[in-house]
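> Input structure: query-v1.cif, which contains mmCIF, C-alpha atoms.
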```cif
data_structure
#
loop_
_atom_site.label_atom_id
_atom_site.label_comp_id
_atom_site.auth_asym_id
_atom_site.auth_seq_id
_atom_site.Cartn_x
_atom_site.Cartn_y
_atom_site.Cartn_z
CA MET A 18 -59.41 -25.68 -55.74
CA SER A 19 -58.83 -22.71 -53.51
CA LYS A 20 -55.38 -21.31 -53.03
CA ILE A 21 -53.60 -22.48 -49.87
CA PHE A 22 -50.95 -19.79 -49.92
CA PRO A 23 -51.68 -16.15 -50.69
CA LYS A 24 -49.78 -14.48 -53.51
CA SER A 25 -47.49 -12.63 -51.07
CA ALA A 26 -46.04 -15.96 -49.96
CA ASN A 27 -43.95 -15.93 -53.12
CA ARG A 28 -41.77 -13.20 -51.61
CA LEU A 29 -41.47 -14.92 -48.27
CA PRO A 30 -38.31 -17.01 -48.92
CA LEU A 31 -36.45 -13.91 -50.04
CA GLN A 32 -37.70 -11.97 -47.02
CA ILE A 33 -36.59 -14.71 -44.69
CA ILE A 34 -33.13 -14.74 -46.22
CA ILE A 35 -32.82 -10.96 -45.86
CA PHE A 36 -33.96 -11.21 -42.26
CA LEU A 37 -31.40 -13.89 -41.52
CA ILE A 38 -28.65 -11.72 -42.99
CA VAL A 39 -29.75 -8.78 -40.85
CA LEU A 40 -29.93 -11.07 -37.81
CA LEU A 41 -26.44 -12.38 -38.47
CA GLY A 42 -25.15 -8.82 -38.77
CA VAL A 43 -26.76 -7.78 -35.50
CA VAL A 44 -25.50 -10.85 -33.63
CA THR A 45 -21.96 -10.38 -34.99
CA THR A 46 -21.92 -6.73 -34.01
CA ALA A 47 -23.24 -7.52 -30.56
CA THR A 48 -20.67 -10.27 -29.97
CA ASN A 49 -17.91 -8.04 -31.21
CA TYR A 50 -19.06 -5.27 -28.93
CA TYR A 51 -19.91 -7.23 -25.79
CA ALA A 52 -17.89 -10.45 -25.82
CA THR A 53 -14.44 -8.84 -25.94
CA PRO A 54 -12.24 -7.59 -23.08
CA LYS A 55 -12.88 -4.01 -24.19
CA TYR A 56 -16.36 -4.48 -22.73
CA THR A 57 -15.93 -7.23 -20.15
CA ARG A 58 -12.91 -5.75 -18.33
CA VAL A 59 -12.52 -2.08 -19.03
CA GLY A 60 -14.06 -0.10 -16.22
CA TYR A 61 -13.65 -2.78 -13.54
CA ALA A 62 -13.17 -0.83 -10.32
CA PRO A 63 -13.78 -3.04 -7.29
CA VAL A 64 -14.38 -1.67 -3.82
CA GLN A 65 -11.10 -1.90 -1.92
CA PRO A 66 -10.75 -2.50 1.83
CA VAL A 67 -9.10 0.92 2.19
CA PRO A 68 -10.29 3.78 -0.04
CA TYR A 69 -6.74 4.51 -1.17
CA SER A 70 -6.52 7.25 -3.80
CA HIS A 71 -3.75 7.39 -6.40
CA ALA A 72 -4.92 10.87 -7.36
CA LEU A 73 -4.09 12.15 -3.86
CA HIS A 74 -0.85 10.25 -3.26
CA VAL A 75 0.65 10.45 -6.75
CA ASP A 76 -0.58 13.70 -8.23
CA LYS A 77 -0.95 15.80 -5.09
CA LEU A 78 1.85 14.41 -2.92
CA GLY A 79 4.09 13.60 -5.87
CA LEU A 80 5.01 10.07 -4.81
CA ASP A 81 6.71 7.97 -7.46
CA CYS A 82 5.05 4.66 -8.39
CA ARG A 83 8.16 2.87 -7.22
CA TYR A 84 7.82 4.18 -3.68
CA CYS A 85 5.04 1.62 -3.26
CA HIS A 86 5.32 -0.72 -6.26
CA SER A 87 8.98 -1.06 -5.44
CA ASN A 88 9.74 -4.25 -7.37
CA VAL A 89 8.31 -3.14 -10.67
CA GLU A 90 11.73 -2.62 -12.30
CA LYS A 91 13.38 -5.57 -10.61
CA SER A 92 10.94 -8.40 -11.11
CA GLY A 93 8.11 -9.58 -13.29
CA VAL A 94 5.57 -8.64 -10.68
CA ALA A 95 4.66 -5.13 -9.61
CA ASN A 96 4.08 -5.80 -5.94
CA LEU A 97 1.38 -4.14 -3.92
CA PRO A 98 2.92 -2.28 -0.97
CA THR A 99 3.31 -3.68 2.51
CA ALA A 100 1.33 -2.17 5.35
CA GLN A 101 4.58 -0.71 6.66
CA THR A 102 4.91 1.33 3.45
CA CYS A 103 1.67 3.09 4.31
CA MET A 104 2.65 3.40 7.96
CA ASN A 105 5.87 5.23 6.98
CA CYS A 106 3.63 8.23 6.66
CA HIS A 107 0.42 7.22 8.36
CA SER A 108 2.17 6.66 11.67
CA GLN A 109 2.17 10.45 11.75
CA VAL A 110 -0.41 11.68 9.23
CA ARG A 111 -4.09 10.96 9.88
CA THR A 112 -3.22 8.55 12.65
CA ASP A 113 -6.80 8.27 13.86
CA SER A 114 -8.61 8.18 10.54
CA PRO A 115 -11.19 5.37 10.57
CA LEU A 116 -10.51 4.82 6.87
CA LEU A 117 -7.01 3.67 7.74
CA ALA A 118 -8.02 1.24 10.50
CA PRO A 119 -7.37 -1.86 8.31
CA VAL A 120 -3.85 -0.59 7.59
CA ARG A 121 -3.06 -0.10 11.26
CA ALA A 122 -4.52 -3.51 12.11
CA ALA A 123 -2.45 -5.16 9.37
CA TYR A 124 0.70 -3.42 10.52
CA GLN A 125 0.17 -4.57 14.08
CA SER A 126 -0.85 -8.15 13.37
CA GLY A 127 1.27 -8.86 10.30
CA GLU A 128 -1.78 -10.11 8.42
CA PRO A 129 -1.92 -8.74 4.87
CA ILE A 130 -4.57 -6.28 3.70
CA ASN A 131 -6.88 -8.06 1.26
CA TRP A 132 -6.62 -5.76 -1.75
CA VAL A 133 -8.88 -6.86 -4.59
CA ARG A 134 -7.00 -7.79 -7.75
CA ILE A 135 -7.87 -5.66 -10.80
CA HIS A 136 -5.47 -6.34 -13.68
CA GLN A 137 -4.80 -9.96 -14.33
CA VAL A 138 -3.70 -11.87 -17.41
CA PRO A 139 -4.90 -15.48 -17.66
CA ASP A 140 -2.50 -18.07 -16.29
CA TYR A 141 -1.59 -19.28 -19.79
CA VAL A 142 0.01 -15.90 -20.57
CA TYR A 143 3.49 -14.93 -19.43
CA PHE A 144 3.83 -11.29 -18.52
CA ASN A 145 6.80 -9.48 -17.03
CA HIS A 146 6.89 -5.87 -15.79
CA SER A 147 10.62 -5.34 -15.62
CA VAL A 148 11.27 -6.08 -19.31
CA HIS A 149 8.77 -3.40 -20.26
CA VAL A 150 9.59 -0.77 -17.66
CA ASN A 151 13.35 -1.02 -18.27
CA ARG A 152 12.82 -0.60 -22.00
CA GLY A 153 11.02 2.70 -21.68
CA VAL A 154 7.41 1.47 -21.80
CA SER A 155 5.41 3.57 -19.36
CA CYS A 156 2.76 2.39 -16.93
CA VAL A 157 0.30 4.66 -18.72
CA SER A 158 0.44 2.54 -21.89
CA CYS A 159 -1.13 -0.41 -20.10
CA HIS A 160 -2.86 1.03 -17.04
CA GLY A 161 -4.09 4.43 -18.22
CA GLN A 162 -3.90 7.60 -16.16
CA ILE A 163 -3.60 5.92 -12.76
CA ASN A 164 -2.36 9.20 -11.30
CA GLN A 165 -5.78 10.75 -11.82
CA MET A 166 -7.84 7.86 -10.46
CA GLU A 167 -9.50 8.13 -7.06
CA VAL A 168 -10.30 4.44 -7.42
CA VAL A 169 -8.19 2.30 -9.74
CA ALA A 170 -10.21 1.17 -12.75
CA HIS A 171 -9.18 -1.18 -15.53
CA ALA A 172 -8.44 1.28 -18.33
CA LYS A 173 -7.04 -0.80 -21.19
CA SER A 174 -8.32 -4.13 -22.50
CA LEU A 175 -5.03 -6.06 -21.98
CA SER A 176 -6.23 -8.46 -24.67
CA MET A 177 -3.87 -10.27 -27.00
CA GLY A 178 -4.57 -7.77 -29.76
CA PHE A 179 -3.69 -4.95 -27.40
CA CYS A 180 -0.30 -6.48 -26.57
CA LEU A 181 0.47 -7.17 -30.21
CA ASP A 182 -0.46 -3.68 -31.38
CA CYS A 183 2.47 -2.40 -29.39
CA HIS A 184 4.80 -5.34 -30.02
CA ARG A 185 4.48 -4.70 -33.75
CA ASN A 186 5.25 -1.03 -33.36
CA PRO A 187 7.24 -0.31 -30.20
CA GLN A 188 8.58 3.02 -31.53
CA ALA A 189 5.40 4.87 -30.80
CA ASN A 190 5.34 3.72 -27.18
CA VAL A 191 8.85 4.11 -25.80
CA ARG A 192 10.15 7.07 -23.84
CA PRO A 193 13.31 7.98 -21.90
CA LEU A 194 13.80 5.68 -18.92
CA ASP A 195 13.54 8.48 -16.36
CA GLN A 196 10.04 9.38 -17.60
CA VAL A 197 8.52 5.91 -17.32
CA THR A 198 6.73 6.66 -14.07
CA ASN A 199 5.76 10.19 -15.12
CA LEU A 200 2.28 9.51 -16.44
CA ASN A 201 1.68 13.10 -17.53
CA TRP A 202 4.59 13.02 -19.95
CA ASN A 203 3.47 13.89 -23.45
CA ALA A 204 5.57 12.76 -26.39
CA ASP A 205 4.35 15.56 -28.64
CA GLN A 206 5.31 18.39 -26.35
CA VAL A 207 8.92 17.66 -25.56
CA LYS A 208 12.16 17.30 -27.42
CA ILE A 209 14.50 14.57 -26.25
CA ASP A 210 18.19 15.33 -26.72
CA GLY A 211 17.03 18.03 -29.12
CA LYS A 212 15.10 15.60 -31.32
CA PRO A 213 11.39 15.11 -31.80
CA HIS A 214 10.03 11.95 -30.21
CA ALA A 215 9.65 9.88 -33.41
CA GLU A 216 13.27 10.39 -34.42
CA TRP A 217 14.58 9.75 -30.91
CA ALA A 218 12.44 6.62 -30.52
CA ALA A 219 13.61 5.11 -33.79
CA GLU A 220 17.22 5.47 -32.62
CA PHE A 221 16.42 4.23 -29.13
CA VAL A 222 14.78 1.09 -30.49
CA LYS A 223 17.68 0.49 -32.86
CA ASN A 224 20.48 1.14 -30.35
CA ASN A 225 18.94 -1.03 -27.68
CA LYS A 226 17.93 -3.76 -30.13
CA ILE A 227 14.37 -3.66 -28.86
CA LYS A 228 12.50 -6.52 -30.45
CA PRO A 229 9.31 -7.42 -28.62
CA PRO A 230 8.22 -11.02 -29.28
CA GLN A 231 5.47 -11.61 -31.82
CA SER A 232 5.70 -15.37 -31.93
CA CYS A 233 3.28 -17.35 -29.81
CA THR A 234 5.98 -18.78 -27.58
CA GLY A 235 7.01 -15.29 -26.47
CA CYS A 236 3.88 -14.91 -24.39
CA HIS A 237 2.50 -18.44 -24.19
CA ARG A 238 5.46 -20.31 -22.80
CA MET B 18 -42.33 -10.56 -41.19
CA ARG B 19 -42.83 -7.22 -39.57
CA TYR B 20 -43.15 -8.95 -36.21
CA ALA B 21 -39.77 -10.60 -36.64
CA TYR B 22 -38.13 -7.17 -37.10
CA PHE B 23 -40.02 -5.78 -34.13
CA THR B 24 -38.83 -8.66 -31.99
CA LEU B 25 -35.24 -8.15 -33.15
CA ALA B 26 -35.38 -4.43 -32.43
CA PHE B 27 -36.83 -5.17 -29.01
CA LEU B 28 -34.05 -7.65 -28.27
CA VAL B 29 -31.39 -5.13 -29.29
CA VAL B 30 -32.87 -2.46 -27.03
CA LEU B 31 -33.15 -4.99 -24.22
CA THR B 32 -29.53 -6.12 -24.58
CA VAL B 33 -28.19 -2.59 -24.67
CA SER B 34 -30.22 -1.54 -21.65
CA VAL B 35 -29.14 -4.58 -19.64
CA LEU B 36 -25.48 -4.66 -20.69
CA GLY B 37 -24.88 -0.94 -21.12
CA PHE B 38 -22.04 0.60 -23.08
CA ARG B 39 -18.30 0.00 -23.10
CA GLY B 40 -16.15 1.77 -20.56
CA SER B 41 -18.65 2.39 -17.78
CA THR B 42 -17.25 1.52 -14.36
CA PHE B 43 -18.56 -1.40 -12.36
CA THR B 44 -17.58 -3.17 -9.16
CA ARG B 45 -18.66 -6.78 -9.72
CA PRO B 46 -15.95 -9.14 -11.06
CA PRO B 47 -15.58 -8.99 -14.86
CA MET B 48 -17.61 -11.43 -16.97
CA MET B 49 -15.65 -14.14 -18.70
CA VAL B 50 -16.27 -14.99 -22.33
CA PHE B 51 -15.15 -18.54 -21.59
CA PRO B 52 -16.28 -19.05 -17.99
CA ASP B 53 -14.19 -21.15 -15.64
CA THR B 54 -17.19 -23.38 -14.97
CA PHE B 55 -17.05 -24.75 -18.51
CA PHE B 56 -13.35 -24.31 -19.22
CA PRO B 57 -11.61 -25.08 -15.94
CA GLU B 58 -7.85 -25.08 -15.45
CA MET B 59 -6.88 -22.66 -18.20
CA ASN B 60 -7.40 -19.15 -16.87
CA HIS B 61 -6.77 -20.26 -13.32
CA GLN B 62 -4.28 -23.07 -13.26
CA ALA B 63 -3.31 -25.03 -10.19
CA LYS B 64 -0.36 -22.81 -9.36
CA TYR B 65 0.33 -19.89 -7.07
CA LYS B 66 1.35 -16.48 -8.28
CA PRO B 67 3.08 -13.90 -6.05
CA GLN B 68 0.95 -12.17 -3.41
CA ALA B 69 -1.97 -14.47 -4.20
CA SER B 70 -4.29 -16.11 -1.70
CA SER B 71 -4.43 -19.79 -0.87
CA THR B 72 -7.06 -22.04 0.60
CA PHE B 73 -4.45 -24.61 1.57
CA PHE B 74 -2.50 -22.71 4.21
CA ALA B 75 -4.24 -21.75 7.41
CA ASP B 76 -3.33 -18.07 7.16
CA GLY B 77 -4.63 -17.86 3.58
CA ARG B 78 -1.39 -16.66 2.01
CA ALA B 79 0.40 -18.23 -0.95
CA ASP B 80 3.62 -16.31 -0.13
CA ARG B 81 5.09 -18.22 2.80
CA PRO B 82 6.87 -16.35 5.61
CA LEU B 83 10.37 -17.62 6.42
CA PRO B 84 10.38 -20.35 9.07
CA ALA B 85 12.38 -19.57 12.20
CA GLY B 86 16.11 -20.25 11.98
CA VAL B 87 16.23 -20.39 8.19
CA VAL B 88 19.70 -20.03 6.64
CA SER B 89 20.21 -18.00 3.47
CA ARG B 90 21.59 -19.84 0.45
CA ASN B 91 23.11 -16.59 -0.83
CA PRO B 92 26.77 -15.89 -0.17
CA LEU B 93 27.53 -15.05 3.45
CA ARG B 94 27.24 -11.31 3.95
CA ASP B 95 30.35 -11.00 6.07
CA ASP B 96 31.53 -7.57 4.89
CA ASP B 97 30.42 -5.62 7.97
CA HIS B 98 31.11 -2.26 6.37
CA LEU B 99 29.14 -3.03 3.19
CA TYR B 100 26.16 -4.77 4.79
CA ARG B 101 25.92 -3.25 8.27
CA GLY B 102 27.84 0.02 8.14
CA LYS B 103 30.10 -1.02 11.01
CA THR B 104 33.80 -1.45 11.45
CA ALA B 105 35.37 -4.64 12.77
CA ASN B 106 35.16 -3.39 16.38
CA GLY B 107 31.48 -2.41 16.14
CA GLN B 108 31.88 1.34 15.63
CA TRP B 109 29.94 3.22 12.91
CA ALA B 110 32.12 3.02 9.83
CA LYS B 111 33.32 6.25 8.26
CA GLY B 112 33.63 6.54 4.49
CA PHE B 113 32.46 4.15 1.81
CA PRO B 114 33.18 0.41 1.74
CA ALA B 115 35.89 -0.81 -0.63
CA ALA B 116 33.35 -2.75 -2.72
CA VAL B 117 31.50 0.46 -3.66
CA ALA B 118 33.15 2.73 -6.23
CA VAL B 119 32.12 6.33 -5.61
CA ASP B 120 31.76 7.80 -9.09
CA ALA B 121 29.29 9.79 -11.18
CA ARG B 122 27.29 6.63 -11.93
CA LEU B 123 26.79 5.92 -8.23
CA ILE B 124 25.69 9.47 -7.52
CA ALA B 125 23.28 9.46 -10.47
CA ARG B 126 21.77 6.24 -9.15
CA GLY B 127 21.66 7.73 -5.67
CA ARG B 128 19.89 10.80 -6.93
CA GLU B 129 17.21 8.71 -8.61
CA ARG B 130 16.67 6.52 -5.53
CA TYR B 131 16.75 9.52 -3.18
CA THR B 132 14.09 11.29 -5.22
CA ILE B 133 11.81 8.26 -5.03
CA TYR B 134 12.30 7.14 -1.44
CA CYS B 135 13.58 10.06 0.62
CA ALA B 136 12.48 13.31 -1.05
CA PRO B 137 8.78 13.03 -0.01
CA CYS B 138 9.92 13.68 3.57
CA HIS B 139 13.45 15.06 3.55
CA GLY B 140 12.82 17.28 0.53
CA ALA B 141 14.59 17.42 -2.81
CA LEU B 142 17.34 19.53 -1.23
CA GLY B 143 17.67 17.41 1.90
CA ASP B 144 16.50 20.33 4.01
CA GLY B 145 13.74 18.35 5.75
CA LYS B 146 10.98 20.28 3.96
CA GLY B 147 9.41 17.50 1.90
CA ILE B 148 5.79 17.56 0.82
CA VAL B 149 4.57 15.67 3.92
CA THR B 150 5.58 18.56 6.17
CA GLN B 151 2.57 20.42 4.74
CA TYR B 152 0.32 17.82 6.36
CA ASN B 153 0.97 18.20 10.06
CA TRP B 154 4.07 16.10 9.99
CA GLY B 155 6.75 16.18 12.67
CA ALA B 156 10.22 17.10 11.53
CA PRO B 157 12.14 14.90 9.11
CA ALA B 158 15.85 15.46 9.65
CA ASN B 159 17.46 18.42 7.90
CA PHE B 160 20.67 17.00 6.48
CA HIS B 161 22.40 20.38 6.50
CA SER B 162 22.66 20.64 10.25
CA ASP B 163 26.05 19.83 11.78
CA VAL B 164 24.83 16.59 13.37
CA PHE B 165 24.17 15.05 10.00
CA ARG B 166 27.13 16.60 8.22
CA SER B 167 29.38 14.85 10.68
CA MET B 168 27.28 11.67 11.05
CA PRO B 169 29.34 8.65 9.96
CA GLU B 170 28.24 7.04 6.69
CA GLY B 171 27.73 3.79 8.56
CA GLN B 172 25.12 5.34 10.83
CA ILE B 173 23.16 6.74 7.87
CA PHE B 174 23.36 3.26 6.35
CA ASP B 175 21.90 1.81 9.51
CA THR B 176 19.14 4.44 9.52
CA ILE B 177 18.09 3.40 6.02
CA THR B 178 18.31 -0.30 6.86
CA ASN B 179 16.55 -0.30 10.21
CA GLY B 180 15.00 3.13 10.57
CA ALA B 181 15.70 5.50 13.44
CA LYS B 182 13.40 7.04 16.04
CA THR B 183 10.19 8.01 14.20
CA MET B 184 11.53 7.12 10.75
CA PHE B 185 10.70 3.60 9.53
CA SER B 186 13.03 1.22 7.75
CA TYR B 187 13.72 1.39 4.00
CA GLY B 188 15.73 -1.82 3.96
CA ASP B 189 13.03 -3.68 2.04
CA LYS B 190 13.05 -1.12 -0.76
CA LEU B 191 16.77 -0.41 -1.20
CA VAL B 192 19.40 -3.12 -1.64
CA PRO B 193 22.71 -2.38 0.16
CA GLU B 194 24.38 -1.04 -3.01
CA ASP B 195 21.52 1.39 -3.50
CA ARG B 196 21.71 2.48 0.13
CA TRP B 197 25.34 3.47 -0.40
CA ALA B 198 24.33 5.28 -3.59
CA VAL B 199 21.75 7.28 -1.61
CA ILE B 200 24.36 8.12 1.01
CA ALA B 201 26.73 9.36 -1.68
CA TYR B 202 23.97 11.60 -2.98
CA VAL B 203 23.15 12.90 0.51
CA ARG B 204 26.83 13.82 0.87
CA ALA B 205 26.65 15.59 -2.51
CA LEU B 206 23.62 17.57 -1.33
CA GLN B 207 25.40 18.54 1.87
CA ARG B 208 28.41 19.68 -0.10
CA ALA B 209 26.23 21.66 -2.53
CA GLN B 210 24.41 23.51 0.25
CA ASN B 211 27.67 24.55 1.87
CA ALA B 212 29.64 25.39 -1.24
CA ARG B 213 32.08 28.31 -1.29
CA VAL B 214 33.32 30.37 -4.17
CA ASN B 215 36.57 28.40 -4.18
CA ASP B 216 34.67 25.20 -4.93
CA VAL B 217 33.66 26.49 -8.36
CA GLU B 218 36.12 25.55 -11.06
CA ALA B 219 37.84 28.50 -12.67
CA ASN B 220 36.31 28.02 -16.12
CA HIS B 221 32.74 28.06 -14.75
CA LYS B 222 33.15 31.18 -12.62
CA GLN B 223 32.35 33.53 -15.44
CA GLU B 224 29.10 31.73 -16.34
CA LEU B 225 27.91 32.21 -12.77
CA GLY B 226 28.98 35.84 -12.69
CA ILE B 227 31.48 35.44 -9.85
CA LYS B 228 35.09 36.52 -9.91
#
```
Would you write out, as structure tokens, the structure that this file holds?

Amino acid sequence: MSKIFPKSANRLPLQIIIFLIVLLGVVTTATNYYATPKYTRVGYAPVQPVPYSHALHVDKLGLDCRYCHSNVEKSGVANLPTAQTCMNCHSQVRTDSPLLAPVRAAYQSGEPINWVRIHQVPDYVYFNHSVHVNRGVSCVSCHGQINQMEVVAHAKSLSMGFCLDCHRNPQANVRPLDQVTNLNWNADQVKIDGKPHAEWAAEFVKNNKIKPPQSCTGCHR
Amino acid sequence: MRYAYFTLAFLVVLTVSVLGFRGSTFTRPPMMVFPDTFFPEMNHQAKYKPQASSTFFADGRADRPLPAGVVSRNPLRDDDHLYRGKTANGQWAKGFPAAVAVDARLIARGRERYTIYCAPCHGALGDGKGIVTQYNWGAPANFHSDVFRSMPEGQIFDTITNGAKTMFSYGDKLVPEDRWAVIAYVRALQRAQNARVNDVEANHKQELGIK
């Protein structure tokens, strides 16, 4: 009787198992890399109706975030500015720029400008700006260096792990309240009240009883 | 077996070339790991968030404008001095309303608010030389001229609330208490720019090198 299977077939089961292990590894790595917010969201920079530049208005003109996002310390929502906010200046500066036509039209008609939403937590998550901003957490921790962006891009993942990394260790991320909107502030280069940042932050967290929620109901309420 | 590895390698290269690397910018809406089509009503629940859009209302806004003739449920704002900067007979009020305590806390608050909302035009010193004047701007008021040194507080309050001439209103950004804080700080700036030697307290004179 002739052989049906060649001799090498004896190794085949083992080879198949090894291949499956390699396959599993590759698929896991790929999912981990591609199916998380670090890939799906970071870098999202939609085309806006007006090519508004934070780099120009914040870094060059020195406007504070709160000039436009004026409710960020008062409410849970950091509002986008009204058309009048832009017209404060653009009624006199660049009054005939075609780029600003939608702003002028919105100011005249009262219809809002349709800015495209960039950062958004799912509806099952509760998020509040004022609790963070009034506890010395800077915009830069969650939005990146907005002051250098010509076009706003999603810089951090804003995933649950990202929130918890900070909630478990707020010390590293707090700063004096008057520096919250100063995105160039660097904790390593300054002394606060004559103390290095780590020492100051430990006291700040203790004195203000800062205890960010880590239980599910804190954010999923 | 070799072919299986070749196929796998090919698939990896294909995936990477189609999906790219983390952190590159893109303009299409982000992909969802759990798409709404299969998991409706979790990411986007049937509720409106602030400044969102709506398909229900004709003008497409979820934030509804106030209907005409609406009455505020908040306490009646009947303190004319505090909320309108006027006296009982309709004149611009001078001085600060009784409800506002003028102290270091108020001025510190005023300084912060002034730096955010006024300094871009009127300058950090209140001299009308803010950053916008470098961009072909008209002339924001210089608070150190006599007109503004003698302008009643109530009129400055009204300027912030409703705007004046070419300056737009800041009433939507500053609540009345903050407007008074800004006014207190403007007064402090005016005082500082017109200070005399006698204004310096005796124990600080030596530090400044004046007799």
> Can you work out the spacing between atom CA of A:Pro115 and atom CA of A:Val67 in Å, to one decimal?
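Distance between the two atoms: 9.7 Å.
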> Would you write out, as a Markdown table, a table of all residues in chain A that have an atom no more than 6 Å from an atom of chain B, listing for each the closest atom pair and the distance in Å to one decimal, considering all atoms listed in the file and ordering rows by chain and rising residue number?

```
| residue | atom | partner | partner_atom | distance |
| --- | --- | --- | --- | --- |
| A:Ala52 | CA | B:Val50 | CA | 6.0 |
| A:Tyr56 | CA | B:Arg39 | CA | 4.9 |
| A:Thr57 | CA | B:Met48 | CA | 5.5 |
| A:Arg58 | CA | B:Pro47 | CA | 5.4 |
| A:Val59 | CA | B:Gly40 | CA | 5.5 |
| A:Gly60 | CA | B:Thr42 | CA | 4.0 |
| A:Tyr61 | CA | B:Phe43 | CA | 5.2 |
| A:Ala62 | CA | B:Thr44 | CA | 5.1 |
| A:Pro63 | CA | B:Thr44 | CA | 4.2 |
| A:Asp81 | CA | B:Ile133 | CA | 5.7 |
| A:Tyr84 | CA | B:Tyr134 | CA | 5.8 |
| A:Asn105 | CA | B:Phe185 | CA | 5.7 |
| A:Pro139 | CA | B:Asn60 | CA | 4.5 |
| A:Asp140 | CA | B:Asn60 | CA | 5.1 |
```
> Output C-alpha atoms for every residue in the selection just made, as a PDB file, in the frame of the given file.

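Contents of out-v3.pdb, freshly written:
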```pdb
ATOM      1  CA  ALA A  52     -17.890 -10.450 -25.820  1.00  0.00           C
ATOM      2  CA  TYR A  56     -16.360  -4.480 -22.730  1.00  0.00           C
ATOM      3  CA  THR A  57     -15.930  -7.230 -20.150  1.00  0.00           C
ATOM      4  CA  ARG A  58     -12.910  -5.750 -18.330  1.00  0.00           C
ATOM      5  CA  VAL A  59     -12.520  -2.080 -19.030  1.00  0.00           C
ATOM      6  CA  GLY A  60     -14.060  -0.100 -16.220  1.00  0.00           C
ATOM      7  CA  TYR A  61     -13.650  -2.780 -13.540  1.00  0.00           C
ATOM      8  CA  ALA A  62     -13.170  -0.830 -10.320  1.00  0.00           C
ATOM      9  CA  PRO A  63     -13.780  -3.040  -7.290  1.00  0.00           C
ATOM     10  CA  ASP A  81       6.710   7.970  -7.460  1.00  0.00           C
ATOM     11  CA  TYR A  84       7.820   4.180  -3.680  1.00  0.00           C
ATOM     12  CA  ASN A 105       5.870   5.230   6.980  1.00  0.00           C
ATOM     13  CA  PRO A 139      -4.900 -15.480 -17.660  1.00  0.00           C
ATOM     14  CA  ASP A 140      -2.500 -18.070 -16.290  1.00  0.00           C
TER      15      ASP A 140
END
```
> Using only C-alpha atoms, can you tell me which of B:Met168, B:Val88, B:Leu206, B:Ile177 comes closest to B:Arg128?
B:Leu206
> Would you mind telling me which residue in A:Ser114, A:Ser92, A:Ser155, A:Gln65 lies nearest to A:Asn190 when using only C-alpha atoms?
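Selected residue with least distance to A:Asn190: A:Ser155.
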> Between A:Asn203, A:Asn27, A:Ser158, A:Asn131, which is the closest to A:Pro98 once you count all atoms listed in the file?
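Closest to A:Pro98, using all atoms listed in the file: A:Asn131.
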> Could you write out as a ChimeraX atom specification the residues that the PyMOL selection byres ((chain A and resi 175-185) around 12) matches in the shown file?
/A:52-59,135-139,141-144,149,154,158-161,171-174,186-191,222,227-233,235-237
> So which residues touch A:Cys156 within 12 Å, counting all atoms listed in the file, skipping near sequence neighbours fewer than 3 positions away, as a ChimeraX atom specification?
/A:81-83,86,89-90,95,146-147,149-153,159-164,172-173,190-192,194,196-202
> Would you compute the distance between atom CA of A:Pro193 and atom CA of B:Ala118? Give it in Å to one decimal.
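Atom CA of B:Ala118 lies 25.8 Å from atom CA of A:Pro193.
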> If you count all atoms listed in the file, which residues fall within 6 Å of stretch 100-115 of chain B, apart from same-chain ones fewer than 5 positions away, as a count of residues only?
5
